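Since the structure comes first, as structure tokens, the remarks are kept for the end.
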Amino acid sequence: MTPAQLSRTVLHTVRRAVEADELCVDVPERVKVQTPPRPGCGDYATNVALQLARGRGPGAAAGIAEVLRRRLAGTPGIAAVEIAGPGFLNITLEAEAHDQLLGGVLEQGGAYGLGDGLAGVHARFAPADEVRAALVLHVVIGLVEGCGGSVDVEVGGEVVAVRGAGAGARELLTRLGSDAARWGLLRAAAHDLPDLDPGRLLSQREGNPLFRVRYAHALAHRAVEGAVDGGEGADDAVLLGLLGDFPRVVEAAARHRAPDRVARHLVATADAFLAGTRRKRLAEATGIVLANGLRLLGISAPKRI
């Protein structure tokens, strides 16, 4: 069960509860599920109960969450549902759902993460006259088209503000190379200045997020040859959640014109893999997600570092 499938399941559960007069709420158009911020909180979490309880009295979210918990707990593919805090739902999937997720990643390969979530959407973008803006625009075009949308735009650019100083594209490529320059420009959110310090971006150490992502990708390929498939490790649930969440992150990055979301997701995925086990199918799926994400950002994914 992917996050998109789980989102539809939760939405269907809300609709059924309303039809059965167990809830008196407006059914939302969509429900957001995401990987929990820390281990031990299930595979996925949703704030749908808090969303439905807006404008109601204290305790309303907890009551709504309990109705949804009871219904979701009996859904095929879901092993457990717990209520946390004021009304968050933490959902744990059955082991078979994890196997199906890995199977889907391996089957789709280089296409995993793409889809048709923006089918019928035609995006129009203004021309970009800075290196950073032009690069973000170029990557967003790929994200939108990769999610089934279409784009009408002119692309151009030459200068980007770097900590108060101007830096041309040729200068950045000379100082950093294409991969590090792209990462530095794309990883920062739109409201933040990019960090283009060569000492950090070119460092072959754990403190460099780009190095960790590419190292994890290379390690995943090596692990496929020596790993064996056994039971899940304690940290596997976090990594599985991140792998399953990748298509949603790509679509969100396209919708919000924010490739930095993809970059941050790659860092989280790499860190979870480096901290966890080396099961063959899990390693192979991780390598696919990291390679696909780097490709969407226009960054190479070497198999050896």
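The way I read the labels, and the way they are meant: chains A, B, ... in the order of the structure tokens, residue 1 as the first residue of every chain, and ligand 1 as the first ligand shown, with later ones counted on from there.
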Apply DSSP to the backbone of this structure and, from segment 52-235 of chain A, keep only the residues in strand (DSSP E or B); write these as a PyMOL selection string. chain A and resi 78-84+88-93+112+114+122-124+150-152+159-162+165-168
Let's have the selection written as a short mmCIF file (atom, residue, chain, number, x, y, z; two decimals), in the first residue's frame, with N, CA, C and O atoms.
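This went into again_26.cif:
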```cif
data_model
loop_
_atom_site.label_atom_id
_atom_site.label_comp_id
_atom_site.auth_asym_id
_atom_site.auth_seq_id
_atom_site.Cartn_x
_atom_site.Cartn_y
_atom_site.Cartn_z
N ILE A 78 -3.87 -2.97 6.76
CA ILE A 78 -3.53 -2.15 7.92
C ILE A 78 -3.47 -3.04 9.16
O ILE A 78 -4.44 -3.71 9.51
N ALA A 79 -2.32 -3.04 9.83
CA ALA A 79 -2.12 -3.89 11.00
C ALA A 79 -2.61 -3.23 12.28
O ALA A 79 -3.15 -3.89 13.16
N ALA A 80 -2.40 -1.92 12.41
CA ALA A 80 -2.79 -1.23 13.64
C ALA A 80 -2.95 0.26 13.38
O ALA A 80 -2.31 0.82 12.48
N VAL A 81 -3.82 0.88 14.19
CA VAL A 81 -4.02 2.33 14.13
C VAL A 81 -4.06 2.85 15.56
O VAL A 81 -4.82 2.34 16.39
N GLU A 82 -3.26 3.85 15.86
CA GLU A 82 -3.23 4.42 17.20
C GLU A 82 -3.45 5.92 17.13
O GLU A 82 -3.08 6.58 16.15
N ILE A 83 -4.06 6.46 18.17
CA ILE A 83 -4.29 7.90 18.27
C ILE A 83 -3.16 8.51 19.09
O ILE A 83 -2.82 8.01 20.16
N ALA A 84 -2.58 9.57 18.59
CA ALA A 84 -1.49 10.25 19.29
C ALA A 84 -1.83 11.73 19.46
O ALA A 84 -2.45 12.34 18.58
N PHE A 88 -3.95 12.91 16.18
CA PHE A 88 -3.22 12.34 15.05
C PHE A 88 -3.48 10.83 15.00
O PHE A 88 -3.60 10.18 16.03
N LEU A 89 -3.52 10.30 13.80
CA LEU A 89 -3.68 8.86 13.60
C LEU A 89 -2.37 8.30 13.09
O LEU A 89 -1.88 8.70 12.02
N ASN A 90 -1.76 7.39 13.85
CA ASN A 90 -0.55 6.70 13.43
C ASN A 90 -0.93 5.32 12.91
O ASN A 90 -1.56 4.53 13.62
N ILE A 91 -0.57 5.03 11.67
CA ILE A 91 -1.02 3.82 10.98
C ILE A 91 0.16 2.91 10.69
O ILE A 91 1.16 3.35 10.11
N THR A 92 0.03 1.65 11.11
CA THR A 92 1.04 0.65 10.84
C THR A 92 0.50 -0.34 9.82
O THR A 92 -0.61 -0.85 9.99
N LEU A 93 1.25 -0.58 8.76
CA LEU A 93 0.81 -1.48 7.70
C LEU A 93 1.23 -2.91 8.00
O LEU A 93 2.19 -3.16 8.74
N TYR A 112 9.60 4.97 -11.23
CA TYR A 112 8.99 5.11 -9.91
C TYR A 112 9.13 6.55 -9.42
O TYR A 112 10.20 7.14 -9.47
N LEU A 114 7.16 8.94 -10.73
CA LEU A 114 6.40 9.69 -11.72
C LEU A 114 4.96 9.18 -11.74
O LEU A 114 4.66 8.13 -11.18
N HIS A 122 -2.20 22.54 -16.94
CA HIS A 122 -1.31 23.25 -17.86
C HIS A 122 -0.71 24.43 -17.12
O HIS A 122 -1.40 25.38 -16.77
N ALA A 123 0.59 24.33 -16.84
CA ALA A 123 1.27 25.37 -16.06
C ALA A 123 1.92 26.38 -16.98
O ALA A 123 2.53 26.02 -17.99
N ARG A 124 1.80 27.64 -16.61
CA ARG A 124 2.44 28.72 -17.36
C ARG A 124 3.45 29.42 -16.44
O ARG A 124 3.11 29.82 -15.34
N SER A 150 1.40 19.64 -18.31
CA SER A 150 2.06 20.26 -19.46
C SER A 150 2.50 21.66 -19.07
O SER A 150 1.95 22.27 -18.15
N VAL A 151 3.48 22.21 -19.79
CA VAL A 151 4.10 23.47 -19.40
C VAL A 151 4.28 24.37 -20.62
O VAL A 151 4.59 23.90 -21.71
N ASP A 152 4.08 25.64 -20.41
CA ASP A 152 4.34 26.66 -21.44
C ASP A 152 5.26 27.69 -20.81
O ASP A 152 4.87 28.41 -19.89
N VAL A 159 22.49 35.15 -13.86
CA VAL A 159 23.11 35.58 -12.61
C VAL A 159 22.28 35.12 -11.43
O VAL A 159 21.07 35.12 -11.47
N VAL A 160 22.95 34.71 -10.36
CA VAL A 160 22.27 34.32 -9.13
C VAL A 160 22.95 35.03 -7.96
O VAL A 160 24.17 35.21 -7.96
N ALA A 161 22.15 35.47 -6.98
CA ALA A 161 22.72 36.12 -5.81
C ALA A 161 23.28 35.06 -4.87
O ALA A 161 22.60 34.14 -4.48
N VAL A 162 24.55 35.18 -4.53
CA VAL A 162 25.20 34.22 -3.65
C VAL A 162 25.77 34.98 -2.45
O VAL A 162 26.82 35.61 -2.54
N ALA A 165 26.72 38.40 -3.24
CA ALA A 165 27.61 38.62 -4.38
C ALA A 165 27.03 37.98 -5.63
O ALA A 165 26.26 37.03 -5.55
N GLY A 166 27.36 38.49 -6.80
CA GLY A 166 26.88 37.91 -8.04
C GLY A 166 27.80 36.81 -8.52
O GLY A 166 29.02 36.93 -8.44
N ALA A 167 27.22 35.74 -9.01
CA ALA A 167 28.03 34.64 -9.55
C ALA A 167 27.37 34.14 -10.82
O ALA A 167 26.20 33.80 -10.82
N GLY A 168 28.13 34.13 -11.91
CA GLY A 168 27.59 33.65 -13.16
C GLY A 168 27.63 32.14 -13.23
O GLY A 168 28.30 31.46 -12.45
#
```
Atom CA of Gly293 of chain A and atom CA of Leu240 of chain A are how many Å apart? 15.8 Å
Report as a tab-separated table the residues of segment 54-146 of chain A within 8 Å of segment 17-23 of chain A, each with its shortest atom pair and distance in Å (one decimal), using only C-alpha atoms, ordered by chain and increasing residue number.
```
residue	atom	partner	partner_atom	distance
A:Ile64	CA	A:Leu23	CA	7.2
A:Val67	CA	A:Glu22	CA	7.2
A:Leu68	CA	A:Ala17	CA	7.6
```
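When only C-alpha atoms are used to compute distances to Pro302 of chain A, the closest of the residues A:Leu290, A:Glu225, A:Glu206, A:Leu173 turns out to be A:Leu290.
When only C-alpha atoms are used to measure the gap to Ala188 of chain A, the shortest distance among A:Arg261, A:Arg278, A:Lys303, A:His12 belongs to A:Arg261.
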Contacts of segment 199-298 of chain A with segment 24-44 of chain A up to 7 Å, shortest pair per row, only C-alpha atoms, as JSON lines:
```
{"residue": "A:Ala237", "atom": "CA", "partner": "A:Asp43", "partner_atom": "CA", "distance": 6.0}
{"residue": "A:Val238", "atom": "CA", "partner": "A:Pro39", "partner_atom": "CA", "distance": 6.4}
{"residue": "A:Gly241", "atom": "CA", "partner": "A:Thr35", "partner_atom": "CA", "distance": 5.6}
{"residue": "A:Leu242", "atom": "CA", "partner": "A:Thr35", "partner_atom": "CA", "distance": 6.4}
{"residue": "A:Asp245", "atom": "CA", "partner": "A:Gln34", "partner_atom": "CA", "distance": 6.9}
```
Extract, using only C-alpha atoms, all DNA, RNA and protein residues at most 10 Å from Val249 of chain A, discarding same-chain residues fewer than 4 positions from it, and format them as number ranges by chain. A: 34, 113, 242, 244-245, 253-255, 258-259, 261-265
Students should find that atom CA of His138 of chain A and atom CA of Asp179 of chain A are spaced 14.8 Å
